[in-house]
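A.B. asks: Below is the file model15.txt, which contains compact mmCIF, C-alpha atoms and all ligand atoms.
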# COMPACT_ATOMS: atom_id res chain seq x y z
CA MET V 1 110.61 78.73 102.98
CA ARG V 2 108.73 82.01 103.25
CA ARG V 3 105.14 81.60 104.51
CA VAL V 4 102.88 84.39 103.36
CA CYS V 5 99.58 85.79 104.60
CA ILE V 6 97.78 88.04 102.08
CA LEU V 7 95.29 90.49 103.54
CA GLY V 8 93.00 91.54 100.67
CA SER V 9 93.93 88.72 98.30
CA THR V 10 91.05 89.32 95.87
CA GLY V 11 92.14 92.88 95.08
CA SER V 12 94.50 94.10 92.42
CA ILE V 13 97.60 93.89 94.66
CA GLY V 14 96.43 90.60 96.19
CA GLN V 15 96.11 88.96 92.77
CA SER V 16 99.52 90.23 91.65
CA THR V 17 101.03 88.86 94.87
CA LEU V 18 99.57 85.42 94.21
CA ASP V 19 100.93 85.59 90.67
CA VAL V 20 104.48 86.24 91.94
CA ILE V 21 104.26 83.57 94.67
CA ALA V 22 103.10 80.98 92.10
CA ARG V 23 106.35 81.56 90.15
CA HIS V 24 108.45 80.58 93.19
CA ALA V 25 106.80 77.51 94.70
CA ASP V 26 110.25 76.27 95.73
CA ARG V 27 110.86 79.18 98.11
CA MET V 28 107.50 80.56 99.25
CA SER V 29 103.95 79.43 99.93
CA VAL V 30 100.66 80.83 101.16
CA HIS V 31 99.45 80.34 104.70
CA ALA V 32 96.34 82.57 104.73
CA LEU V 33 94.16 84.69 102.45
CA SER V 34 91.51 87.27 103.35
CA ALA V 35 88.76 88.93 101.35
CA HIS V 36 85.78 91.13 102.03
CA SER V 37 83.20 90.52 99.31
CA ARG V 38 84.25 88.22 96.45
CA MET V 39 83.93 84.84 98.17
CA GLU V 40 83.80 82.84 94.93
CA GLN V 41 87.11 84.35 93.83
CA LEU V 42 88.53 83.72 97.30
CA ALA V 43 87.56 80.04 97.04
CA GLN V 44 89.28 79.74 93.62
CA GLN V 45 92.41 81.41 94.98
CA ALA V 46 92.52 79.25 98.12
CA LEU V 47 92.13 76.12 95.99
CA ALA V 48 94.87 77.15 93.56
CA CYS V 49 97.45 78.16 96.16
CA ARG V 50 96.43 75.56 98.79
CA ALA V 51 95.89 78.17 101.50
CA GLU V 52 95.50 76.63 104.94
CA VAL V 53 93.38 79.48 106.29
CA VAL V 54 90.91 81.96 104.81
CA VAL V 55 89.41 84.94 106.61
CA VAL V 56 85.91 86.09 105.62
CA PRO V 57 83.96 89.09 106.98
CA ASP V 58 80.88 87.36 108.44
CA ASP V 59 78.75 84.20 108.53
CA ALA V 60 77.10 85.00 105.21
CA GLY V 61 80.61 85.18 103.71
CA ARG V 62 81.45 81.82 105.26
CA ARG V 63 78.36 80.21 103.69
CA ARG V 64 79.15 81.75 100.29
CA PHE V 65 82.73 80.56 100.53
CA LEU V 66 81.61 76.99 101.31
CA ALA V 67 79.00 77.07 98.54
CA ALA V 68 81.77 78.00 96.08
CA TRP V 69 84.12 75.29 97.38
CA PRO V 70 84.23 72.10 95.24
CA ALA V 71 82.43 69.10 96.77
CA GLY V 72 84.72 66.33 97.97
CA ARG V 73 87.71 68.60 98.65
CA LYS V 74 88.67 69.47 102.22
CA PRO V 75 88.13 73.22 102.71
CA PRO V 76 90.71 75.39 104.47
CA GLU V 77 90.12 76.57 108.02
CA ILE V 78 87.64 79.46 107.81
CA ARG V 79 88.07 82.33 110.27
CA VAL V 80 85.37 84.97 110.59
CA GLY V 81 85.37 88.71 111.30
CA PRO V 82 87.77 91.63 111.85
CA GLN V 83 89.21 90.22 115.08
CA ALA V 84 90.11 86.97 113.31
CA LEU V 85 91.69 89.03 110.54
CA ALA V 86 94.08 90.76 112.95
CA GLU V 87 94.81 87.44 114.72
CA THR V 88 95.63 85.80 111.40
CA ALA V 89 98.00 88.65 110.52
CA ALA V 90 99.80 87.92 113.81
CA ASP V 91 99.60 84.10 113.50
CA PRO V 92 103.10 82.64 113.89
CA ALA V 93 102.32 80.18 111.07
CA SER V 94 103.31 82.95 108.62
CA ASP V 95 106.45 85.11 108.66
CA THR V 96 105.41 87.59 105.95
CA VAL V 97 102.22 89.61 105.64
CA MET V 98 101.13 91.42 102.50
CA ALA V 99 98.93 94.28 103.74
CA ALA V 100 96.77 94.88 100.64
CA ILE V 101 93.37 95.81 102.04
CA VAL V 102 92.16 99.15 100.75
CA GLY V 103 91.50 102.03 103.15
CA ALA V 104 91.86 102.49 106.90
CA ALA V 105 90.05 99.14 107.25
CA GLY V 106 93.47 97.63 106.59
CA LEU V 107 95.10 99.31 109.56
CA PRO V 108 94.36 96.79 112.36
CA GLY V 109 95.71 93.86 110.30
CA ALA V 110 98.85 95.69 109.18
CA LEU V 111 99.50 96.82 112.74
CA ALA V 112 98.97 93.32 114.12
CA ALA V 113 101.58 92.02 111.65
CA ALA V 114 104.05 94.72 112.72
CA ARG V 115 103.45 93.94 116.40
CA ALA V 116 104.14 90.28 115.67
CA GLY V 117 107.56 91.37 114.37
CA LYS V 118 107.01 90.01 110.86
CA ARG V 119 108.17 91.10 107.45
CA VAL V 120 105.37 93.50 106.50
CA LEU V 121 104.89 94.23 102.81
CA LEU V 122 102.92 97.43 103.01
CA ALA V 123 100.67 98.29 100.05
CA ASN V 124 97.94 99.76 102.28
CA LYS V 125 99.15 103.38 102.37
CA GLU V 126 96.05 104.53 104.28
CA ALA V 127 97.38 102.70 107.36
CA LEU V 128 100.40 105.00 107.47
CA VAL V 129 98.40 108.12 106.64
CA ALA V 130 95.94 107.48 109.46
CA ALA V 131 98.38 106.12 112.03
CA GLY V 132 101.95 106.87 110.97
CA ALA V 133 103.32 107.39 114.48
CA VAL V 134 101.52 104.39 116.02
CA PHE V 135 102.50 102.13 113.15
CA MET V 136 106.18 103.13 112.97
CA ARG V 137 106.50 102.78 116.74
CA ALA V 138 105.14 99.23 116.49
CA VAL V 139 107.65 98.43 113.73
CA ARG V 140 110.50 99.73 115.89
CA GLU V 141 109.43 98.18 119.17
CA HIS V 142 108.70 94.75 117.74
CA GLY V 143 111.57 94.57 115.27
CA ALA V 144 109.33 94.19 112.22
CA GLU V 145 110.88 94.39 108.77
CA LEU V 146 108.85 96.99 106.90
CA LEU V 147 109.14 96.92 103.10
CA PRO V 148 107.14 99.44 101.07
CA ILE V 149 105.17 98.06 98.11
CA ASP V 150 103.66 101.29 96.81
CA SER V 151 105.74 101.66 93.62
CA GLU V 152 107.11 105.12 94.48
CA HIS V 153 108.19 104.12 97.97
CA ASN V 154 109.58 100.85 96.76
CA ALA V 155 111.61 102.82 94.20
CA ILE V 156 112.89 105.19 96.88
CA PHE V 157 113.72 102.27 99.15
CA GLN V 158 115.77 100.74 96.33
CA CYS V 159 117.63 104.05 95.80
CA LEU V 160 118.42 104.72 99.47
CA PRO V 161 121.68 103.66 101.14
CA ALA V 162 121.37 100.08 102.42
CA VAL V 163 122.16 100.97 106.05
CA GLY V 164 119.09 100.85 108.26
CA ARG V 165 116.47 101.26 105.55
CA ALA V 166 114.25 98.19 106.23
CA GLY V 167 112.51 99.06 109.48
CA ALA V 168 111.68 102.39 111.06
CA PRO V 169 114.45 104.96 110.50
CA GLN V 170 114.80 107.63 113.20
CA GLY V 171 115.81 110.36 110.77
CA PRO V 172 116.47 110.99 107.06
CA ALA V 173 119.19 108.78 105.57
CA ARG V 174 122.62 110.44 105.64
CA GLY V 175 123.58 112.34 102.52
CA VAL V 176 120.02 112.43 101.18
CA THR V 177 118.64 115.90 100.47
CA ARG V 178 115.26 115.20 98.86
CA LEU V 179 112.82 112.51 97.85
CA VAL V 180 111.13 113.05 94.49
CA LEU V 181 107.85 111.20 94.01
CA THR V 182 106.71 110.83 90.42
CA ALA V 183 103.04 110.88 89.44
CA SER V 184 101.41 110.04 86.12
CA GLY V 185 98.92 112.88 86.55
CA GLY V 186 96.04 110.45 85.92
CA PRO V 187 93.43 110.67 83.17
CA PHE V 188 92.77 114.45 83.63
CA ARG V 189 96.35 115.65 83.67
CA ASP V 190 95.76 118.43 81.12
CA ARG V 191 92.42 119.68 82.43
CA TYR V 192 91.52 122.25 85.07
CA TRP V 193 89.71 121.02 88.19
CA SER V 194 86.92 123.56 87.61
CA ASP V 195 86.16 121.92 84.22
CA LEU V 196 85.69 118.42 85.64
CA ALA V 197 82.27 118.72 87.31
CA GLY V 198 80.57 116.19 85.01
CA ILE V 199 83.22 113.46 85.26
CA LEU V 200 81.74 109.96 85.72
CA PRO V 201 83.24 107.09 87.78
CA GLU V 202 84.12 105.08 84.68
CA GLN V 203 86.12 108.04 83.30
CA ALA V 204 87.94 108.62 86.59
CA CYS V 205 88.78 104.90 86.92
CA LYS V 206 90.37 104.76 83.46
CA HIS V 207 93.99 105.22 84.43
CA PRO V 208 96.36 105.78 81.49
CA ASN V 209 99.20 103.50 82.72
CA TRP V 210 98.24 101.36 85.74
CA SER V 211 95.48 98.82 86.31
CA MET V 212 94.35 99.16 89.95
CA GLY V 213 91.37 98.94 92.31
CA ARG V 214 88.60 101.53 91.91
CA LYS V 215 89.34 103.63 95.01
CA ILE V 216 93.03 104.17 94.22
CA SER V 217 92.16 104.84 90.57
CA VAL V 218 89.92 107.76 91.60
CA ASP V 219 92.60 108.88 94.07
CA SER V 220 95.09 108.92 91.19
CA ALA V 221 92.75 111.04 89.06
CA THR V 222 92.32 113.64 91.84
CA MET V 223 95.99 113.17 92.80
CA VAL V 224 95.02 112.87 96.43
CA ASN V 225 96.83 109.55 95.96
CA LYS V 226 100.11 111.40 95.51
CA GLY V 227 99.27 113.45 98.59
CA LEU V 228 98.68 110.26 100.60
CA GLU V 229 102.01 109.03 99.25
CA VAL V 230 103.82 112.18 100.39
CA ILE V 231 102.50 111.49 103.91
CA GLU V 232 103.47 107.82 103.52
CA ALA V 233 107.01 108.83 102.47
CA HIS V 234 107.26 111.18 105.44
CA TRP V 235 106.68 108.27 107.83
CA LEU V 236 108.55 105.54 105.99
CA PHE V 237 111.72 107.53 105.47
CA ALA V 238 111.51 110.02 108.39
CA MET V 239 111.63 112.87 105.87
CA PRO V 240 110.24 116.35 106.62
CA PRO V 241 107.49 117.56 104.23
CA GLU V 242 109.60 120.36 102.72
CA ARG V 243 112.11 117.78 101.49
CA ILE V 244 109.52 115.73 99.60
CA GLU V 245 108.73 116.87 96.08
CA VAL V 246 106.18 115.70 93.50
CA LEU V 247 106.84 115.69 89.75
CA ILE V 248 104.38 114.76 87.04
CA HIS V 249 105.88 112.13 84.78
CA PRO V 250 103.22 110.95 82.32
CA GLN V 251 105.07 107.83 81.12
CA SER V 252 105.19 106.15 84.60
CA VAL V 253 108.60 104.63 83.87
CA VAL V 254 110.67 106.43 86.51
CA HIS V 255 108.91 105.29 89.68
CA SER V 256 110.58 107.85 91.98
CA MET V 257 114.00 109.31 92.82
CA VAL V 258 116.38 110.14 95.65
CA GLN V 259 118.55 113.28 95.52
CA TYR V 260 121.91 113.23 97.29
CA GLU V 261 124.05 115.99 98.72
CA ASP V 262 126.78 115.47 96.10
CA GLY V 263 124.40 116.25 93.23
CA SER V 264 123.60 112.62 92.38
CA VAL V 265 120.03 111.60 91.69
CA LEU V 266 119.22 107.88 91.85
CA ALA V 267 116.05 106.63 90.20
CA GLN V 268 114.36 103.26 89.80
CA LEU V 269 112.83 102.55 86.40
CA GLY V 270 110.64 99.78 85.09
CA LEU V 271 107.39 98.98 83.33
CA PRO V 272 104.32 100.04 85.35
CA ASP V 273 103.46 96.64 86.83
CA MET V 274 103.08 96.14 90.60
CA ARG V 275 104.61 92.67 90.39
CA THR V 276 108.05 94.33 90.34
CA PRO V 277 107.78 95.93 93.82
CA ILE V 278 105.90 92.88 95.12
CA ALA V 279 108.66 90.51 93.97
CA TYR V 280 111.23 92.88 95.47
CA GLY V 281 109.46 92.75 98.83
CA LEU V 282 109.01 88.98 98.78
CA GLY V 283 112.58 88.26 97.72
CA PHE V 284 114.46 91.03 99.57
CA PRO V 285 117.43 91.24 99.62
CA GLU V 286 117.48 88.88 96.63
CA ARG V 287 115.98 89.72 93.25
CA LEU V 288 113.34 87.36 91.89
CA ASP V 289 111.63 86.88 88.54
CA SER V 290 108.39 88.87 88.78
CA GLY V 291 106.89 88.02 85.41
CA VAL V 292 107.35 91.65 84.30
CA GLY V 293 109.06 92.06 80.94
CA PRO V 294 112.21 94.12 80.41
CA LEU V 295 112.02 97.89 79.99
CA ASP V 296 113.01 99.04 76.50
CA LEU V 297 113.99 102.69 76.84
CA ALA V 298 114.47 103.08 73.10
CA LEU V 299 110.82 102.10 72.71
CA CYS V 300 109.82 104.70 75.35
CA GLY V 301 111.72 107.31 73.33
CA ARG V 302 111.27 110.12 75.82
CA LEU V 303 110.62 110.73 79.50
CA ASP V 304 108.89 113.98 80.51
CA PHE V 305 108.70 115.74 83.88
CA GLU V 306 106.81 118.81 85.08
CA ARG V 307 105.66 120.37 88.33
CA PRO V 308 101.99 119.80 89.22
CA ASP V 309 99.70 122.80 88.67
CA PRO V 310 97.59 123.53 91.81
CA ARG V 311 94.68 124.68 89.58
CA ARG V 312 94.47 121.14 88.27
CA PHE V 313 95.09 119.23 91.51
CA PRO V 314 93.70 121.00 94.62
CA CYS V 315 93.56 117.68 96.53
CA LEU V 316 97.35 117.39 96.38
CA GLU V 317 97.66 120.80 98.07
CA LEU V 318 95.17 119.71 100.73
CA ALA V 319 97.28 116.65 101.50
CA PHE V 320 100.41 118.76 101.99
CA ALA V 321 98.37 121.00 104.29
CA ALA V 322 97.20 117.94 106.25
CA LEU V 323 100.78 116.72 106.68
CA ARG V 324 101.82 120.12 108.02
CA GLY V 325 98.72 120.08 110.27
CA GLY V 326 99.70 116.85 112.05
CA GLN V 327 98.29 113.39 112.66
CA GLY V 328 94.70 114.53 113.35
CA ALA V 329 94.58 116.40 110.05
CA CYS V 330 95.96 113.37 108.19
CA ILE V 331 93.26 111.14 109.71
CA ALA V 332 90.64 113.71 108.65
CA LEU V 333 92.00 113.90 105.10
CA ASN V 334 92.05 110.13 104.69
CA ALA V 335 88.68 109.36 106.26
CA ALA V 336 86.88 112.16 104.41
CA ASN V 337 88.47 111.02 101.17
CA GLU V 338 87.27 107.45 101.68
CA VAL V 339 83.73 108.73 102.27
CA ALA V 340 83.82 111.12 99.30
CA VAL V 341 85.30 108.60 96.86
CA ALA V 342 82.83 105.85 97.85
CA ARG V 343 79.97 108.27 97.24
CA PHE V 344 81.42 109.44 93.94
CA LEU V 345 81.75 105.80 92.81
CA ASP V 346 78.07 105.29 93.79
CA ARG V 347 77.15 108.37 91.70
CA ARG V 348 75.96 110.17 94.84
CA LEU V 349 78.60 112.94 94.77
CA PRO V 350 79.92 115.03 91.87
CA TYR V 351 83.61 114.53 91.13
CA THR V 352 84.65 118.10 91.95
CA ALA V 353 82.85 117.97 95.32
CA ILE V 354 85.53 115.53 96.52
CA SER V 355 87.93 118.41 97.22
CA ARG V 356 85.15 120.31 99.05
CA VAL V 357 84.49 117.37 101.36
CA LEU V 358 88.23 117.13 102.15
CA GLU V 359 88.54 120.86 102.74
CA GLU V 360 85.56 120.90 105.09
CA ALA V 361 86.81 117.86 107.03
CA LEU V 362 90.20 119.54 107.53
CA ALA V 363 88.51 122.74 108.72
CA TRP V 364 86.22 120.73 111.03
CA GLN V 365 89.15 118.84 112.52
CA ALA V 366 91.23 122.01 112.97
CA GLY V 367 88.36 123.53 114.96
CA ARG V 368 88.19 120.66 117.45
CA ALA V 369 90.15 120.40 120.67
CA SER V 370 93.18 118.26 119.84
CA ALA V 371 92.90 114.72 121.18
CA THR V 372 95.76 112.33 121.92
CA LEU V 373 96.36 109.90 119.06
CA ASP V 374 98.74 107.47 120.73
CA THR V 375 96.81 104.24 120.26
CA LEU V 376 94.91 102.39 117.54
CA GLU V 377 91.70 103.08 119.48
CA ASP V 378 92.38 106.86 119.50
CA VAL V 379 92.97 106.80 115.75
CA LEU V 380 89.87 104.74 114.98
CA ALA V 381 87.70 107.00 117.19
CA LEU V 382 88.74 110.13 115.28
CA ASP V 383 88.47 108.27 111.96
CA GLY V 384 84.87 107.35 112.83
CA ALA V 385 83.98 110.91 113.89
CA VAL V 386 85.39 112.34 110.64
CA ARG V 387 83.44 109.80 108.58
CA ALA V 388 80.18 110.93 110.21
CA GLN V 389 81.02 114.59 109.58
CA ALA V 390 82.12 113.92 105.99
CA ALA V 391 78.99 111.89 105.21
CA GLN V 392 76.88 114.83 106.32
CA ALA V 393 78.94 117.28 104.25
CA ALA V 394 78.83 115.00 101.22
CA GLY V 395 75.05 114.79 101.56
CA LEU V 396 74.80 118.59 101.29
CA HIS V 397 77.03 118.70 98.20
CA ALA V 398 75.06 115.93 96.52
CA ALA V 399 71.83 117.87 96.90
CA ALA V 400 73.25 121.08 95.47
P1 LIG V 501 91.26 96.59 95.53
O1 LIG V 501 90.03 97.37 95.72
O2 LIG V 501 91.53 95.99 94.21
O3 LIG V 501 91.32 95.40 96.63
C1 LIG V 501 91.05 95.65 97.98
C2 LIG V 501 91.08 94.36 98.80
O4 LIG V 501 90.73 94.72 100.15
C3 LIG V 501 90.09 93.30 98.36
O5 LIG V 501 90.66 92.02 98.55
C4 LIG V 501 88.93 93.47 99.34
O6 LIG V 501 88.22 92.26 99.57
C5 LIG V 501 89.62 93.93 100.60
N1 LIG V 501 88.79 94.80 101.43
C6 LIG V 501 88.07 95.88 101.02
N2 LIG V 501 87.42 96.44 102.07
C7 LIG V 501 87.71 95.68 103.16
C8 LIG V 501 87.34 95.74 104.54
N3 LIG V 501 86.51 96.69 105.00
N4 LIG V 501 87.83 94.80 105.37
C9 LIG V 501 88.63 93.83 104.92
N5 LIG V 501 89.03 93.72 103.63
C10 LIG V 501 88.57 94.65 102.76
O7 LIG V 501 92.48 97.52 95.98
P2 LIG V 501 93.99 97.53 95.43
O8 LIG V 501 94.08 98.37 94.21
O9 LIG V 501 94.53 96.15 95.40
O10 LIG V 501 94.71 98.36 96.58
C11 LIG V 501 94.98 97.80 97.85
C12 LIG V 501 95.88 98.75 98.65
O11 LIG V 501 97.13 98.86 97.98
C13 LIG V 501 95.33 100.17 98.75
O12 LIG V 501 95.66 100.72 99.99
C14 LIG V 501 96.05 100.92 97.63
O13 LIG V 501 96.20 102.30 97.91
C15 LIG V 501 97.41 100.22 97.66
N6 LIG V 501 98.12 100.27 96.38
C16 LIG V 501 97.57 99.70 95.28
C17 LIG V 501 98.23 99.75 94.06
C18 LIG V 501 97.67 99.09 92.83
O14 LIG V 501 98.33 99.08 91.79
N7 LIG V 501 96.48 98.50 92.86
C19 LIG V 501 99.45 100.43 93.97
C20 LIG V 501 99.99 101.01 95.12
C21 LIG V 501 99.31 100.92 96.32
MG MG V 502 101.85 104.65 94.24
The structure given in the file should be rewritten as structure tokens.
C.D. replies:
Amino acid sequence: MRRVCILGSTGSIGQSTLDVIARHADRMSVHALSAHSRMEQLAQQALACRAEVVVVPDDAGRRRFLAAWPAGRKPPEIRVGPQALAETAADPASDTVMAAIVGAAGLPGALAAARAGKRVLLANKEALVAAGAVFMRAVREHGAELLPIDSEHNAIFQCLPAVGRAGAPQGPARGVTRLVLTASGGPFRDRYWSDLAGILPEQACKHPNWSMGRKISVDSATMVNKGLEVIEAHWLFAMPPERIEVLIHPQSVVHSMVQYEDGSVLAQLGLPDMRTPIAYGLGFPERLDSGVGPLDLALCGRLDFERPDPRRFPCLELAFAALRGGQGACIALNAANEVAVARFLDRRLPYTAISRVLEEALAWQAGRASATLDTLEDVLALDGAVRAQAAQAAGLHAAA
């Protein structure tokens, strides 16, 4: 019986995870759930899946959770605060942790799960972008089983040779020449960046193919998401940046591909529904029913591919630059992006200023004396410093 802890259960990935688990009550169950703001939804989820533990951010969250809990029913154990979140990720009462918190806030929990040697289902790509080396070392040293949930990385994982792929590979898999990440191109695929100044949050969040949380929806529109995924692929599959390629594929049916030395290209296809990679991660190495319907290629009719145009997606270029720049630059890219996107969603920053904030954070970081980034504390210190710098920069762009 698999016992699952879901970090970020009220989000898009968290809800899809609960949906898959509910289809397999005979082989998996929920130990713990965590959420940051929607306590009423958390209470409903905990009731439905009989979670033994919930983690809430603070005492106000605890009171709201209890107020939403039905009278006469015994509530689950309620743990409070970020420390409790990391402890719950490491709690031996679960063997599998779904890391589905959004942003670098998800890093301590994901890392705690890796250090506890668990099966880690990693949706939280920002953890790898901010702390790839620290995280992969923890996976290696503690024998964790790392399974990527991001659809592209899950597709690549499925297309790689089976030997040594679930964990922390030391180098690119033998015989593999390139990884090809596909991208839908988001809602503004055909428009130039310079023409997008007036874009509103609701337009940027309207993804053509996927239904996701608001932050990743904006990231998909700017395509910084694909950049974060290139960095994620670099760490997951020990692949150098020049052997990772991005192709725009508007139909989102081919989720990514692996090119081999002999000329073969293996791809994973399916409907754009995150329950497929989630079920893969929960069931691995077995295949489970995910609730996703079959793919009808005749209905798709055609599949298109093209190279991304840098005039449309400057943030993707910035992410490649950050990967070449090293860990400090990747932390700067990610933290500045979180600040910029939050402000854009609050209507405090114009859409096209997002790339400016990233550019300035990368320049700011490049100008600093390089610090060691060997521990979680090192990473979080630089992350915090970038956020302060980026908030200041974003303030200037908002006023202009
Ligand atoms: P979401 O915004 O829908 O949900 C985020 C979850 O994280 C919520 O449960 C929220 O309560 C929790 N959370 C937010 N801030 C927190 C904090 N400071 N501390 C603790 N918990 C916090 O996000 P999502 O779309 O489900 O994405 C989650 C992660 O999965 C992201 O890293 C995203 O990039 C990745 N991902 C998502 C999808 C998708 O289809 N949604 C696909 C691939 C990867
Ligand atoms: Mg993805």
A.B. asks: Go through the chains and note each residue within 12 Å of ligand MG 502 (chain V), using all atoms listed in the file, then give the set as a PyMOL selection string.
C.D. replies: chain V and resi 13+122-126+148-156+181-186+209-212+216-217+219-220+223-233+246+252+254-256+272-274+277
A.B. asks: Please measure the separation of atom O11 of ligand LIG 501 (chain V) and atom CA of Ala100 of chain V, giving the value in Å to one decimal.
C.D. replies: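 So the answer is 4.8 Å.
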A.B. asks: Just the residues within 7 Å of Leu362 of chain V, please, counting all atoms listed in the file, with nothing from its chain fewer than 4 positions along; format it as a VMD selection string.
C.D. replies: chain V and resid 329 332 to 333 358 366
A.B. asks: Skipping near chain neighbours, those fewer than 5 positions away, what residues fall within 10 Å of Arg275 of chain V using only C-alpha atoms, listed as an mmCIF file with C-alpha atoms, in the frame of the given file?
C.D. replies:
data_model
loop_
_atom_site.group_PDB
_atom_site.id
_atom_site.type_symbol
_atom_site.label_atom_id
_atom_site.label_comp_id
_atom_site.auth_asym_id
_atom_site.auth_seq_id
_atom_site.Cartn_x
_atom_site.Cartn_y
_atom_site.Cartn_z
ATOM 1 C CA ILE V 13 97.600 93.890 94.660
ATOM 2 C CA GLN V 15 96.110 88.960 92.770
ATOM 3 C CA SER V 16 99.520 90.230 91.650
ATOM 4 C CA THR V 17 101.030 88.860 94.870
ATOM 5 C CA LEU V 18 99.570 85.420 94.210
ATOM 6 C CA ASP V 19 100.930 85.590 90.670
ATOM 7 C CA VAL V 20 104.480 86.240 91.940
ATOM 8 C CA ILE V 149 105.170 98.060 98.110
ATOM 9 C CA SER V 151 105.740 101.660 93.620
ATOM 10 C CA TYR V 280 111.230 92.880 95.470
ATOM 11 C CA GLY V 281 109.460 92.750 98.830
ATOM 12 C CA ASP V 289 111.630 86.880 88.540
ATOM 13 C CA SER V 290 108.390 88.870 88.780
ATOM 14 C CA GLY V 291 106.890 88.020 85.410
ATOM 15 C CA VAL V 292 107.350 91.650 84.300
#
A.B. asks: Between V:Asp195, V:Ile248, V:Ala336, V:Phe237, single out the one closest to Gly132 of chain V, counting all atoms listed in the file.
C.D. replies: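 Of V:Asp195, V:Ile248, V:Ala336, V:Phe237, the one nearest Gly132 of chain V is V:Phe237, counting all atoms listed in the file.
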A.B. asks: Check the smallest atom-to-atom distance from each of V:Val258, V:Ala48, V:Ile354, V:Val176 to Cys315 of chain V using all atoms listed in the file, then report the winner.
C.D. replies: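 Smallest distance to Cys315 of chain V is found for V:Ile354.
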A.B. asks: Kindly give the distance, in Å, that separates atom CA of Val180 of chain V and atom CA of Ala127 of chain V, rounded to a single decimal.
C.D. replies: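 We find that atom CA of Val180 of chain V and atom CA of Ala127 of chain V lie 21.5 Å from each other.
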A.B. asks: Can you list, as a PyMOL selection string, every protein, DNA or RNA residue that comes within 8 Å of Tyr192 of chain V when you count only C-alpha atoms, leaving out same-chain residues fewer than 6 positions away?
C.D. replies: chain V and resi 311-313
A.B. asks: For a test of reading the model, state the distance in Å between atom CA of Ala138 of chain V and atom CA of Leu111 of chain V, rounded to one decimal.
C.D. replies: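 Rounded to one decimal, the two atoms are 7.2 Å apart.
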A.B. asks: Of the candidates V:Glu317, V:Asp309, V:Glu40, V:Asp296, which shows the shortest atom-to-atom distance to ligand LIG 501 (chain V), using all atoms listed in the file?
C.D. replies: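 For ligand LIG 501 (chain V), the nearest of the candidates is V:Glu40.
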A.B. asks: I'd like the contact shell of segment 369-371 of chain V - 9 Å cut-off, only C-alpha atoms, skipping same-chain residues fewer than 4 positions apart - returned as an MDAnalysis selection string.
C.D. replies: chainID V and resid 328 365 378 382
A.B. asks: Could the centre and edge lengths of an axis-aligned box, enclosing all atoms of segment 353-368 of chain V in the file with 8 Å extra on each side, be given in Å to one decimal as JSON?
C.D. replies:
{"center_x": 87.0, "center_y": 119.5, "center_z": 106.4, "size_x": 24.4, "size_y": 24.0, "size_z": 38.1}
A.B. asks: Residues at most 6 Å from segment 139-147 of chain V, counting only C-alpha atoms, excluding those fewer than 5 positions away in the same chain, as a PyMOL selection string?
C.D. replies: chain V and resi 114-115+117-121+166-168+281
A.B. asks: Which of these residues is nearest to Gln251 of chain V, using all atoms listed in the file: V:Gly11, V:Arg302, V:Pro201, V:Met28?
C.D. replies: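 Using all atoms listed in the file, the shortest distance to Gln251 of chain V belongs to V:Arg302.
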A.B. asks: With all atoms listed in the file as the basis for distance, which of V:Ala89, V:Ala363, V:Ala131, V:Val218 is at the shortest distance from Asp383 of chain V?
C.D. replies: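 For Asp383 of chain V, the nearest of the candidates is V:Ala131.
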A.B. asks: When distances are computed from all atoms listed in the file, which of V:Asp91, V:Glu377, V:Gly61, V:Ala51 shows the smallest separation from Met39 of chain V?
C.D. replies: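 So, comparing all the options, the nearest one is V:Gly61.
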A.B. asks: Is there a way to get, as a VMD selection string, all residues within 6 Å of the point (88.0, 87.1, 106.7) in file coordinates, counting all atoms listed in the file?
C.D. replies: chain V and resid 34 to 35 55 to 57 79 to 81 85
